[in-house]
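Asks: Structure file coords_9.txt, compact mmCIF, C-alpha atoms and all ligand atoms, is pasted below:
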# COMPACT_ATOMS: atom_id res chain seq x y z
CA MET A 1 -10.38 -6.24 1.91
CA PRO A 2 -10.14 -6.81 5.67
CA GLY A 3 -8.40 -9.88 7.05
CA PHE A 4 -9.99 -9.20 10.43
CA GLU A 5 -13.13 -10.79 9.02
CA VAL A 6 -11.49 -14.20 9.15
CA PHE A 7 -9.72 -14.08 12.52
CA GLY A 8 -9.99 -17.45 14.19
CA GLU A 9 -8.33 -20.23 16.09
CA GLU A 10 -5.20 -20.09 13.85
CA GLU A 11 -4.36 -16.52 14.93
CA ARG A 12 -5.08 -17.37 18.59
CA GLN A 13 -2.78 -20.43 18.52
CA GLN A 14 0.04 -18.46 16.90
CA VAL A 15 -0.17 -15.66 19.46
CA LEU A 16 -0.31 -18.14 22.36
CA GLU A 17 2.98 -19.70 21.20
CA VAL A 18 4.62 -16.29 21.55
CA LEU A 19 3.10 -15.61 24.96
CA ASP A 20 4.08 -19.07 26.17
CA SER A 21 7.67 -18.50 25.09
CA GLY A 22 7.72 -15.29 27.14
CA VAL A 23 9.77 -13.46 24.49
CA LEU A 24 8.09 -10.57 22.67
CA PHE A 25 11.23 -9.36 20.87
CA ARG A 26 12.33 -10.74 17.49
CA TYR A 27 16.08 -10.62 18.19
CA GLU A 28 18.16 -12.19 20.99
CA PHE A 29 16.93 -14.23 24.01
CA ALA A 30 18.02 -17.47 22.30
CA ALA A 31 18.06 -19.39 25.59
CA GLN A 32 14.54 -18.38 26.65
CA ARG A 33 12.60 -18.44 23.41
CA GLN A 34 12.35 -22.22 22.94
CA GLY A 35 13.02 -21.91 19.22
CA VAL A 36 10.13 -19.49 18.63
CA TYR A 37 11.11 -16.89 15.99
CA LYS A 38 7.78 -15.72 14.58
CA VAL A 39 8.90 -12.58 12.72
CA LEU A 40 11.77 -14.47 11.09
CA GLU A 41 9.42 -17.30 10.14
CA PHE A 42 6.89 -14.80 8.75
CA GLU A 43 9.60 -13.15 6.62
CA LYS A 44 10.65 -16.52 5.18
CA ALA A 45 7.04 -17.50 4.49
CA PHE A 46 6.28 -14.14 2.85
CA ALA A 47 9.40 -14.31 0.66
CA ALA A 48 8.47 -17.84 -0.40
CA TYR A 49 4.84 -16.88 -1.05
CA THR A 50 5.72 -13.91 -3.27
CA GLY A 51 8.74 -15.52 -4.89
CA ALA A 52 10.98 -12.67 -3.75
CA GLY A 53 14.42 -13.66 -2.56
CA TYR A 54 14.28 -11.67 0.67
CA ALA A 55 11.68 -10.16 2.96
CA GLN A 56 12.15 -7.65 5.78
CA ALA A 57 9.33 -7.21 8.28
CA VAL A 58 8.82 -3.73 9.76
CA SER A 59 6.36 -1.92 12.02
CA SER A 60 4.00 -0.54 9.33
CA GLY A 61 3.46 -0.06 5.62
CA THR A 62 4.59 3.55 5.99
CA ALA A 63 7.79 2.33 7.67
CA ALA A 64 8.28 -0.16 4.81
CA LEU A 65 8.26 2.73 2.31
CA LYS A 66 10.64 4.77 4.45
CA VAL A 67 13.03 1.85 4.93
CA ALA A 68 13.01 1.08 1.18
CA LEU A 69 13.68 4.73 0.27
CA MET A 70 16.49 5.05 2.83
CA ALA A 71 18.08 1.80 1.66
CA LEU A 72 18.06 3.16 -1.89
CA GLY A 73 19.89 6.26 -0.65
CA VAL A 74 17.07 8.77 -1.16
CA GLY A 75 17.38 12.01 0.79
CA ALA A 76 17.49 15.80 0.77
CA GLY A 77 17.69 17.36 -2.69
CA ASP A 78 16.06 14.35 -4.35
CA GLU A 79 12.69 14.01 -6.05
CA VAL A 80 10.58 10.86 -5.86
CA ILE A 81 7.72 10.38 -8.31
CA THR A 82 4.44 8.78 -7.21
CA GLN A 83 0.80 9.12 -8.26
CA GLY A 84 -1.85 11.65 -7.18
CA PHE A 85 -4.20 8.86 -6.15
CA THR A 86 -2.70 6.96 -3.21
CA PHE A 87 -2.87 6.95 0.57
CA VAL A 88 -1.03 9.90 2.21
CA ALA A 89 1.54 7.43 3.60
CA THR A 90 3.28 7.11 0.22
CA TRP A 91 4.34 10.76 0.12
CA GLU A 92 4.71 11.10 3.89
CA ALA A 93 7.52 8.53 3.64
CA ILE A 94 9.15 10.51 0.81
CA LEU A 95 9.02 13.73 2.84
CA ASP A 96 10.31 11.94 5.92
CA CYS A 97 13.51 11.16 4.01
CA GLY A 98 13.89 14.89 3.25
CA ALA A 99 13.02 14.30 -0.42
CA VAL A 100 10.20 15.94 -2.34
CA PRO A 101 7.23 14.05 -3.83
CA VAL A 102 6.28 14.70 -7.47
CA PHE A 103 2.83 13.52 -8.53
CA THR A 104 1.73 11.94 -11.81
CA GLU A 105 -1.68 11.60 -13.34
CA ILE A 106 -3.54 8.31 -13.14
CA ASP A 107 -5.25 6.63 -16.09
CA LEU A 108 -8.24 4.27 -16.21
CA THR A 109 -6.26 1.64 -14.29
CA LEU A 110 -6.54 4.24 -11.46
CA ASN A 111 -2.78 3.91 -11.19
CA MET A 112 0.27 5.76 -12.50
CA ASP A 113 0.01 6.95 -16.10
CA PRO A 114 3.35 5.93 -17.70
CA THR A 115 3.16 8.73 -20.28
CA ASP A 116 2.91 11.35 -17.56
CA LEU A 117 5.65 9.61 -15.57
CA GLU A 118 8.04 10.04 -18.48
CA LYS A 119 7.29 13.80 -18.53
CA LYS A 120 7.96 14.21 -14.81
CA ILE A 121 11.39 12.60 -14.66
CA THR A 122 14.13 15.16 -14.01
CA PRO A 123 17.85 14.86 -13.19
CA LYS A 124 16.79 14.97 -9.51
CA THR A 125 14.49 11.91 -9.72
CA ARG A 126 15.96 9.24 -7.44
CA ALA A 127 13.07 6.77 -7.16
CA ILE A 128 9.65 6.03 -8.64
CA ILE A 129 6.81 4.66 -6.51
CA PRO A 130 3.87 3.31 -8.49
CA VAL A 131 1.03 2.18 -6.22
CA HIS A 132 -1.12 -0.87 -6.91
CA MET A 133 -4.22 0.94 -5.66
CA LEU A 134 -7.45 -0.75 -4.68
CA GLY A 135 -6.04 -4.24 -5.06
CA ALA A 136 -5.11 -4.22 -8.75
CA GLN A 137 -2.08 -3.81 -10.98
CA ALA A 138 -0.38 -0.61 -12.01
CA ARG A 139 1.16 -0.69 -15.52
CA ILE A 140 4.24 -1.98 -13.78
CA GLU A 141 5.99 -3.47 -16.82
CA GLU A 142 5.80 -0.18 -18.75
CA ILE A 143 6.79 1.83 -15.67
CA LYS A 144 9.75 -0.45 -14.99
CA ALA A 145 10.91 -0.15 -18.63
CA ILE A 146 10.82 3.67 -18.44
CA ALA A 147 12.61 3.65 -15.08
CA ASP A 148 15.28 1.28 -16.41
CA ARG A 149 15.95 3.54 -19.39
CA HIS A 150 16.64 6.38 -16.94
CA GLY A 151 18.48 4.18 -14.40
CA ILE A 152 15.98 4.98 -11.63
CA PRO A 153 14.90 2.33 -9.09
CA VAL A 154 11.21 1.44 -8.69
CA ILE A 155 9.55 0.80 -5.33
CA GLU A 156 6.11 -0.79 -5.69
CA ASP A 157 3.71 0.36 -2.99
CA THR A 158 1.77 -2.89 -2.73
CA ALA A 159 0.06 -1.97 0.56
CA GLN A 160 -3.40 -2.49 -0.92
CA ALA A 161 -2.63 -5.46 -3.16
CA ALA A 162 -1.22 -8.36 -1.12
CA GLY A 163 -2.13 -11.54 -2.99
CA GLY A 164 -2.31 -9.64 -6.29
CA ARG A 165 -0.40 -10.79 -9.36
CA LEU A 166 0.30 -9.77 -12.94
CA LYS A 167 0.57 -12.65 -15.43
CA GLY A 168 1.17 -14.99 -12.53
CA ARG A 169 3.97 -12.93 -10.99
CA HIS A 170 3.36 -11.38 -7.57
CA LEU A 171 2.94 -7.62 -7.35
CA GLY A 172 5.89 -6.17 -5.47
CA THR A 173 8.45 -8.35 -7.29
CA PHE A 174 8.81 -6.23 -10.46
CA GLY A 175 10.75 -3.29 -9.03
CA ALA A 176 13.88 -3.04 -6.89
CA CYS A 177 11.64 -3.43 -3.86
CA GLY A 178 7.98 -4.01 -3.02
CA THR A 179 6.37 -2.73 0.16
CA PHE A 180 3.28 -4.06 1.98
CA SER A 181 1.05 -2.92 4.84
CA PHE A 182 -0.71 -5.17 7.32
CA ASP A 183 -2.67 -2.43 9.06
CA ALA A 184 -6.16 -2.95 10.44
CA VAL A 185 -8.01 -2.59 7.12
CA LYS A 186 -5.67 -4.38 4.73
CA THR A 187 -6.39 -7.76 3.13
CA MET A 188 -4.09 -9.55 5.52
CA THR A 189 -3.57 -7.79 8.82
CA THR A 190 -1.33 -7.94 11.87
CA GLY A 191 -3.02 -4.90 13.47
CA GLU A 192 -0.03 -2.78 12.50
CA GLY A 193 2.85 -4.04 10.41
CA GLY A 194 4.61 -3.97 7.08
CA MET A 195 7.02 -5.83 4.82
CA CYS A 196 9.68 -4.99 2.23
CA ILE A 197 10.54 -7.61 -0.39
CA THR A 198 13.46 -7.66 -2.81
CA SER A 199 15.63 -10.01 -4.82
CA ASP A 200 18.71 -7.89 -4.11
CA GLU A 201 20.68 -9.19 -1.14
CA VAL A 202 22.64 -5.96 -0.64
CA LEU A 203 19.44 -3.89 -0.58
CA TRP A 204 17.87 -6.35 1.86
CA ARG A 205 20.91 -6.06 4.16
CA CYS A 206 20.62 -2.26 4.16
CA MET A 207 16.91 -2.51 5.00
CA SER A 208 17.51 -5.10 7.70
CA GLU A 209 20.18 -2.99 9.39
CA TYR A 210 18.41 0.35 8.95
CA GLN A 211 15.16 -0.81 10.60
CA ASP A 212 17.12 -1.99 13.68
CA HIS A 213 19.35 1.00 14.59
CA GLY A 214 22.10 -0.17 12.23
CA HIS A 215 22.75 -3.51 13.98
CA ASP A 216 24.61 -5.72 11.50
CA HIS A 217 23.09 -8.91 12.99
CA VAL A 218 26.40 -10.76 12.73
CA ALA A 219 26.54 -13.34 15.50
CA ASN A 220 29.31 -12.62 17.98
CA PRO A 221 30.21 -13.57 21.52
CA GLY A 222 29.23 -10.13 22.83
CA GLY A 223 25.61 -10.66 21.82
CA ARG A 224 23.54 -7.78 20.47
CA GLY A 225 25.61 -5.17 22.27
CA GLY A 226 28.72 -6.36 20.46
CA GLU A 227 27.28 -6.20 16.95
CA GLY A 228 28.88 -3.83 14.45
CA ARG A 229 27.22 -1.10 12.42
CA SER A 230 28.06 0.49 9.12
CA PHE A 231 25.58 3.37 9.08
CA ILE A 232 23.07 5.21 11.27
CA GLY A 233 19.71 3.49 11.48
CA PHE A 234 16.33 3.84 13.16
CA ASN A 235 13.79 1.59 14.87
CA TYR A 236 11.00 0.22 12.69
CA ARG A 237 11.03 -3.32 14.12
CA MET A 238 8.08 -5.70 14.01
CA MET A 239 7.01 -7.47 17.23
CA GLU A 240 6.80 -11.25 17.64
CA VAL A 241 3.04 -11.09 18.25
CA GLN A 242 2.61 -9.36 14.89
CA GLY A 243 4.78 -11.95 13.14
CA ALA A 244 2.65 -14.71 14.68
CA ILE A 245 -0.62 -13.19 13.45
CA GLY A 246 1.01 -12.59 10.06
CA LEU A 247 1.77 -16.30 9.68
CA ALA A 248 -1.86 -17.22 10.33
CA GLN A 249 -3.17 -14.50 8.01
CA LEU A 250 -0.74 -15.29 5.18
CA ALA A 251 -1.98 -18.88 5.19
CA LYS A 252 -5.50 -17.51 4.55
CA LEU A 253 -4.58 -14.90 1.94
CA ASP A 254 -5.27 -16.88 -1.24
CA SER A 255 -8.62 -18.14 0.05
CA MET A 256 -9.58 -14.56 1.04
CA VAL A 257 -8.80 -13.42 -2.51
CA VAL A 258 -10.97 -16.22 -3.97
CA ALA A 259 -13.89 -15.22 -1.73
CA GLN A 260 -13.43 -11.55 -2.67
CA LYS A 261 -13.42 -12.44 -6.37
CA ASN A 262 -16.80 -14.16 -6.02
CA ASN A 263 -18.26 -11.23 -4.11
CA LYS A 264 -16.76 -8.75 -6.55
CA ASN A 265 -18.38 -10.57 -9.48
CA PHE A 266 -21.72 -10.35 -7.69
CA LEU A 267 -21.30 -6.60 -7.12
CA LYS A 268 -20.12 -6.01 -10.69
CA ASP A 269 -23.22 -7.70 -12.10
CA ALA A 270 -25.39 -5.66 -9.74
CA ALA A 271 -23.71 -2.37 -10.76
CA GLY A 272 -24.23 -3.27 -14.43
CA VAL A 273 -27.79 -1.93 -14.18
CA LEU A 274 -26.55 1.68 -13.95
CA PRO A 275 -27.08 3.45 -17.29
CA GLY A 276 -23.79 4.35 -18.98
CA VAL A 277 -21.71 2.57 -16.32
CA SER A 278 -18.16 1.43 -17.13
CA PHE A 279 -15.58 -0.29 -15.00
CA ARG A 280 -12.01 0.36 -13.99
CA GLU A 281 -9.46 -1.12 -16.40
CA ILE A 282 -7.93 -4.21 -14.80
CA LEU A 283 -4.78 -5.30 -16.67
CA ASP A 284 -5.03 -8.93 -15.55
CA PRO A 285 -8.37 -9.89 -13.96
CA GLU A 286 -6.93 -13.27 -12.99
CA GLY A 287 -4.36 -11.53 -10.77
CA ASP A 288 -6.75 -8.96 -9.27
CA SER A 289 -6.86 -9.30 -5.48
CA ALA A 290 -10.47 -8.13 -5.84
CA THR A 291 -10.56 -5.99 -2.71
CA PHE A 292 -12.61 -3.26 -4.41
CA LEU A 293 -15.14 -2.82 -7.19
CA THR A 294 -14.65 0.48 -8.99
CA PHE A 295 -17.09 1.83 -11.55
CA MET A 296 -17.45 5.05 -13.51
CA LEU A 297 -20.55 7.02 -14.43
CA PRO A 298 -20.58 9.16 -17.60
CA ASP A 299 -19.99 12.44 -15.72
CA ARG A 300 -19.61 14.09 -12.31
CA GLU A 301 -23.30 15.06 -11.99
CA GLN A 302 -24.47 11.49 -12.58
CA ALA A 303 -21.88 10.18 -10.16
CA ILE A 304 -23.11 12.60 -7.48
CA ALA A 305 -26.73 11.60 -8.09
CA VAL A 306 -25.97 7.88 -7.98
CA ALA A 307 -23.81 8.25 -4.87
CA GLN A 308 -26.66 10.07 -3.13
CA VAL A 309 -29.20 7.32 -3.84
CA LEU A 310 -26.77 4.60 -2.78
CA ARG A 311 -26.08 6.44 0.48
CA ASP A 312 -29.80 6.97 1.15
CA SER A 313 -30.43 3.27 0.44
CA GLY A 314 -27.90 2.15 3.06
CA ALA A 315 -25.30 0.96 0.52
CA GLY A 316 -23.00 3.98 0.21
CA ALA A 317 -19.99 3.89 -2.14
CA VAL A 318 -16.88 6.09 -1.98
CA HIS A 319 -17.04 8.98 -4.47
CA TRP A 320 -13.34 9.65 -4.93
CA CYS A 321 -13.51 13.37 -5.68
CA GLU A 322 -14.77 13.82 -2.11
CA ASN A 323 -12.20 11.55 -0.47
CA THR A 324 -9.74 13.45 1.71
CA TRP A 325 -7.10 10.78 2.43
CA HIS A 326 -6.31 9.35 -1.02
CA TYR A 327 -6.63 12.12 -3.56
CA TYR A 328 -4.22 14.96 -4.35
CA PRO A 329 -6.48 18.06 -4.58
CA ASN A 330 -7.93 17.22 -1.16
CA TRP A 331 -4.56 17.01 0.65
CA GLU A 332 -4.91 20.53 1.99
CA HIS A 333 -2.07 20.13 4.51
CA LEU A 334 0.35 19.13 1.75
CA LEU A 335 -0.86 21.89 -0.58
CA ALA A 336 -0.38 24.42 2.23
CA GLY A 337 3.03 22.97 3.14
CA LYS A 338 2.07 22.49 6.79
CA THR A 339 4.76 20.60 8.70
CA LEU A 340 5.57 20.63 12.42
CA CYS A 341 9.13 21.75 11.80
CA HIS A 342 9.64 25.42 12.73
CA SER A 343 11.63 26.03 9.54
CA GLY A 344 9.01 24.36 7.35
CA TRP A 345 11.37 21.50 6.42
CA PRO A 346 11.21 19.60 4.13
CA LEU A 347 8.77 21.63 1.99
CA ALA A 348 10.50 24.86 2.96
CA VAL A 349 14.07 25.66 3.87
CA HIS A 350 14.41 28.31 6.58
CA GLY A 351 10.82 29.42 5.97
CA LYS A 352 11.23 29.70 2.17
CA ARG A 353 9.04 27.27 0.19
CA ARG A 354 11.14 25.18 -2.20
CA VAL A 355 8.16 23.37 -3.67
CA VAL A 356 4.60 24.57 -4.26
CA TYR A 357 1.75 22.21 -5.11
CA ASP A 358 -1.12 23.43 -7.27
CA ALA A 359 -4.48 21.76 -6.52
CA ALA A 360 -5.35 21.91 -10.23
CA ALA A 361 -2.11 20.24 -11.39
CA LEU A 362 -3.68 16.86 -12.27
CA PRO A 363 -6.65 17.55 -14.58
CA ALA A 364 -6.68 14.10 -16.22
CA SER A 365 -6.93 12.46 -12.79
CA ALA A 366 -9.72 14.86 -11.80
CA ALA A 367 -11.68 13.97 -14.94
CA ILE A 368 -11.60 10.33 -13.81
CA MET A 369 -12.06 10.77 -10.06
CA ASP A 370 -15.04 13.11 -10.49
CA ARG A 371 -17.10 10.26 -11.94
CA THR A 372 -15.63 7.26 -10.12
CA LEU A 373 -17.32 5.30 -7.32
CA THR A 374 -15.93 2.36 -5.33
CA TYR A 375 -17.29 -0.40 -3.14
CA GLN A 376 -15.02 -2.23 -0.75
CA VAL A 377 -15.49 -5.97 -1.35
CA PRO A 378 -15.90 -7.94 1.87
CA VAL A 379 -14.49 -11.44 2.33
CA VAL A 380 -17.76 -12.52 3.87
CA MET A 381 -20.86 -11.05 2.22
CA THR A 382 -24.21 -11.90 3.77
CA GLU A 383 -27.41 -12.38 1.75
CA GLU A 384 -28.78 -9.30 3.49
CA MET A 385 -25.84 -7.20 2.22
CA LYS A 386 -26.24 -8.58 -1.28
CA THR A 387 -29.96 -7.79 -1.37
CA ARG A 388 -29.51 -4.31 0.11
CA THR A 389 -26.74 -3.41 -2.35
CA SER A 390 -28.59 -4.78 -5.39
CA LYS A 391 -31.73 -2.88 -4.44
CA ALA A 392 -29.75 0.31 -3.89
CA LEU A 393 -28.11 0.00 -7.32
CA GLN A 394 -31.49 -0.66 -8.96
CA ALA A 395 -32.87 2.46 -7.28
CA ALA A 396 -29.84 4.43 -8.42
CA ALA A 397 -30.38 3.20 -11.98
CA ARG A 398 -33.72 5.02 -12.02
CA VAL A 399 -32.39 8.51 -11.18
C1 LIG B 401 -2.21 1.50 4.09
C2 LIG B 401 -1.32 2.10 3.08
C3 LIG B 401 0.00 2.48 3.40
C4 LIG B 401 0.53 2.59 4.79
O1 LIG B 401 0.41 1.50 5.58
P1 LIG B 401 0.38 1.59 7.19
O2 LIG B 401 0.64 0.17 7.56
O3 LIG B 401 -1.00 2.05 7.57
O4 LIG B 401 1.43 2.50 7.62
C5 LIG B 401 0.84 2.90 2.36
N1 LIG B 401 0.39 2.99 1.11
C6 LIG B 401 -0.88 2.68 0.77
C7 LIG B 401 -1.29 2.78 -0.65
C8 LIG B 401 -1.78 2.24 1.75
O5 LIG B 401 -3.03 1.96 1.41
Go ahead and render the structure in this file as structure tokens.

Replies:
Amino acid sequence: MPGFEVFGEEERQQVLEVLDSGVLFRYEFAAQRQGVYKVLEFEKAFAAYTGAGYAQAVSSGTAALKVALMALGVGAGDEVITQGFTFVATWEAILDCGAVPVFTEIDLTLNMDPTDLEKKITPKTRAIIPVHMLGAQARIEEIKAIADRHGIPVIEDTAQAAGGRLKGRHLGTFGACGTFSFDAVKTMTTGEGGMCITSDEVLWRCMSEYQDHGHDHVANPGGRGGEGRSFIGFNYRMMEVQGAIGLAQLAKLDSMVVAQKNNKNFLKDAAGVLPGVSFREILDPEGDSATFLTFMLPDREQAIAVAQVLRDSGAGAVHWCENTWHYYPNWEHLLAGKTLCHSGWPLAVHGKRRVVYDAAALPASAAIMDRTLTYQVPVVMTEEMKTRTSKALQAAARV
């Protein structure tokens, strides 16, 4: 998954252009910047790469979700549906808008179960956020069809699936908006950073203005100070240095995905020795960004035993039922409603809980996660890693 594996001269050259211009800020300084507009260039390149009409760079993937939700008008009193297997950022962004997250089951795609989604839609549902977890497609066409029937916008959390596609179409371009993360461990990275893509110009304008304190970015003789504003915004801007690194990393994205696919195939063959093993359902293997290999053992006990041998053999895999950052029953701070706000907002109003999460609320997801293990697929996999992992899997096959 990590783009930091392929840092090189391209990233260095891009960053030097910014430093040489002396301007670190994406807006203004037209006279000083010698035509260097890295964030703007990165947005154009990302929009062209994904085939989205518009792209808005922001400071992180979490910010991208927040900006998308705000631009869609989500706020207090609203519910936003996402899945119980995602990074905490997805629902943090929902809460940060004052809305309440509602969690669906996942199915064997490890992404949102459309049947459960349908059951969880209420008159308060104002957005749906399927997540393309672990580099591969959610059932986005089915989810979009359900959302359309109810007139609810879809935001695709594509943080883990840059470079991923479904039937040739880029993930993130199916819903009203797609959001991406370029944090330190994502396939392409800018250290910290994020992007929102959309084909809707009005939505893009709202996102563009919201992430920059409401500045309308209409050129005027007064410069930035003289710009107008039509609503209250916030600051989620991306820096020029990040835009520069993003340009270099985007140019490497497709080749990283190709390398990951090769390494994933190797790992999949190696994992095939495990008795009773099955693999995550991938809707379109051609469009898989191949950042992870996910496999299932027949039950929880066998998964625990296999995970133990792999760990002891120096080739540990993630056993999802133990993971504390991506899986609903282990989000103890959410379940307990712990926020910094003295009144408990947004999970409580004046100390009174308005939503209570039950750790046992997603039994179908638990039945999958209990027996699911995952390897992160590196871009560069040494012979030593290949041998170690194969041997570990062979040892695990004997337990
Ligand atoms: C990484 C990630 C995010 C948040 O991205 P940051 O850039 O770290 O803020 C959001 N959603 C998912 C699914 C992620 O994996």

Asks: Just how far from atom CA of Lys120 of chain A is atom CA of Ala336 of chain A, in Å to one decimal?

Replies: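 Computing it gives 21.5 Å between the two atoms.
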
Asks: What is the atom CA of Leu335 of chain A-atom CA of Lys119 of chain A distance in Å, reported with one decimal?

Replies: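 Spanning atom CA of Leu335 of chain A to atom CA of Lys119 of chain A is a straight-line distance of 21.3 Å.
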
Asks: Could you pull out the residues sitting within 9 Å of ligand LIG 401 (chain B), using all atoms listed in the file, and write them as number ranges by chain?

Replies: A: 59-65, 85-91, 93, 131-134, 157-161, 179-186, 191-194, 326

Asks: Would you give me, as a tab-separated table, each residue of segment 25-142 of chain A having an atom within 8 Å of an atom of segment 357-363 of chain A, along with its shortest atom pair and that distance in Å to one decimal, using only C-alpha atoms and sorting by chain and residue number?

Replies:
residue	atom	partner	partner_atom	distance
A:Gly84	CA	A:Leu362	CA	7.5
A:Thr104	CA	A:Leu362	CA	7.3
A:Glu105	CA	A:Leu362	CA	5.7

Asks: Using only C-alpha atoms, which residues sit within 7 Å of Gly75 of chain A once same-chain residues fewer than 4 positions away are excluded, as a list of chain:residue names?

Replies: A:Cys97, A:Gly98, A:Ala99

Asks: Report, in Å to a single decimal, how far apart atom CA of Asp254 of chain A and atom CA of Ile128 of chain A are.

Replies: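 About the pair atom CA of Ile128 of chain A and atom CA of Asp254 of chain A: they are 28.3 Å apart.
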
Asks: Which residue, A:Tyr27, A:Tyr375, A:Tyr54, A:Phe7, has the smallest gap to Asp200 of chain A when you use only C-alpha atoms?

Replies: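 Of A:Tyr27, A:Tyr375, A:Tyr54, A:Phe7, the one nearest Asp200 of chain A, counting only C-alpha atoms, is A:Tyr54.
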
Asks: Tell me which of A:Asp116, A:Ile121, A:Ala270, A:Met207 sits closest to Gly73 of chain A, counting all atoms listed in the file.

Replies: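 Among A:Asp116, A:Ile121, A:Ala270, A:Met207, it is A:Met207 that comes nearest to Gly73 of chain A.
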
Asks: I'd like the neighbourhood of Gly214 of chain A as a PyMOL selection string, where a residue qualifies if any of its atoms comes within 9 Å (using all atoms listed in the file), though same-chain residues fewer than 2 positions away should be ignored.

Replies: chain A and resi 206+208-212+216-217+228-235

Asks: Mind listing as a list in words all residues within 12 Å of (9.7, 28.3, 6.6), counting all atoms listed in the file?

Replies: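 With a cut-off of 12 Å, the residues come to Ala336, Gly337, Lys338, Thr339, Leu340, Cys341, His342, Ser343, Gly344, Trp345, Pro346, Leu347, Ala348, Val349, His350, Gly351, Lys352, Arg353, Arg354 and Val355 of chain A.
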
Asks: Using only C-alpha atoms, which residue out of A:Leu95, A:Tyr49, A:Leu267, A:Val80 lies closest to Pro130 of chain A?

Replies: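 Selected residue with least distance to Pro130 of chain A: A:Val80.
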
Asks: If you take all atoms listed in the file and a cut-off of 9 Å, which residues of segment 282-306 of chain A touch segment 255-262 of chain A, and what are their nearest atom pairs and distances in Å to one decimal, in chain and number order, as a Markdown table?

Replies:
| residue | atom | partner | partner_atom | distance |
| --- | --- | --- | --- | --- |
| A:Asp288 | CA | A:Lys261 | CA | 8.1 |
| A:Ser289 | CA | A:Val257 | CA | 5.4 |
| A:Ala290 | CA | A:Lys261 | CA | 5.2 |
| A:Thr291 | CA | A:Gln260 | CA | 6.3 |
| A:Phe292 | CA | A:Gln260 | CA | 8.5 |

Asks: Go ahead and save the picked residues with C-alpha atoms, as a compact mmCIF listing (two decimals), in the coordinates of the input.

Replies:
# COMPACT_ATOMS: atom_id res chain seq x y z
CA ASP A 288 -6.75 -8.96 -9.27
CA SER A 289 -6.86 -9.30 -5.48
CA ALA A 290 -10.47 -8.13 -5.84
CA THR A 291 -10.56 -5.99 -2.71
CA PHE A 292 -12.61 -3.26 -4.41

Asks: Which residues of segment 285-365 of chain A sit at most 9 Å from segment 379-399 of chain A, using all atoms listed in the file? Give each one's shortest atom pair and distance in Å (one decimal place), in chain and ascending residue order, as a Markdown table.

Replies:
| residue | atom | partner | partner_atom | distance |
| --- | --- | --- | --- | --- |
| A:Thr291 | CA | A:Val379 | CA | 8.4 |
| A:Gln302 | CA | A:Val399 | CA | 8.6 |
| A:Ala305 | CA | A:Val399 | CA | 7.2 |
| A:Val306 | CA | A:Ala396 | CA | 5.2 |
| A:Ala307 | CA | A:Ala396 | CA | 8.0 |
| A:Gln308 | CA | A:Ala396 | CA | 8.4 |
| A:Val309 | CA | A:Ala396 | CA | 5.5 |
| A:Leu310 | CA | A:Ala392 | CA | 5.3 |
| A:Arg311 | CA | A:Ala392 | CA | 8.4 |
| A:Asp312 | CA | A:Ala392 | CA | 8.4 |
| A:Ser313 | CA | A:Ala392 | CA | 5.3 |
| A:Gly314 | CA | A:Arg388 | CA | 7.3 |
| A:Ala315 | CA | A:Thr389 | CA | 5.4 |
| A:Gly316 | CA | A:Thr389 | CA | 8.7 |

Asks: Which residue gives the smallest distance to Asp78 of chain A among A:Arg237, A:Lys38, A:Lys124, A:Lys44, with only C-alpha atoms counted?

Replies: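 Residue with the minimum atom-to-atom distance to Asp78 of chain A: A:Lys124.
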
Asks: Kindly provide, as a count of residues only, the polymer residues lying within 7 Å of (1.5, 12.7, -6.9), counting only C-alpha atoms and using the coordinates exactly as they appear in the file.

Replies: 10

Asks: So that I can check the surroundings of Glu28 of chain A, please list as an mmCIF file with C-alpha atoms, in the frame of the given file every protein, DNA and RNA residue that reaches within 10 Å of it, counting all atoms listed in the file and ignoring chain neighbours fewer than 6 positions away.

Replies:
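Done, and the output landed in around11.cif:
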data_model
loop_
_atom_site.group_PDB
_atom_site.id
_atom_site.type_symbol
_atom_site.label_atom_id
_atom_site.label_comp_id
_atom_site.auth_asym_id
_atom_site.auth_seq_id
_atom_site.Cartn_x
_atom_site.Cartn_y
_atom_site.Cartn_z
ATOM 1 C CA TYR A 37 11.110 -16.890 15.990
ATOM 2 C CA HIS A 217 23.090 -8.910 12.990
ATOM 3 C CA GLY A 223 25.610 -10.660 21.820
ATOM 4 C CA ARG A 224 23.540 -7.780 20.470
#
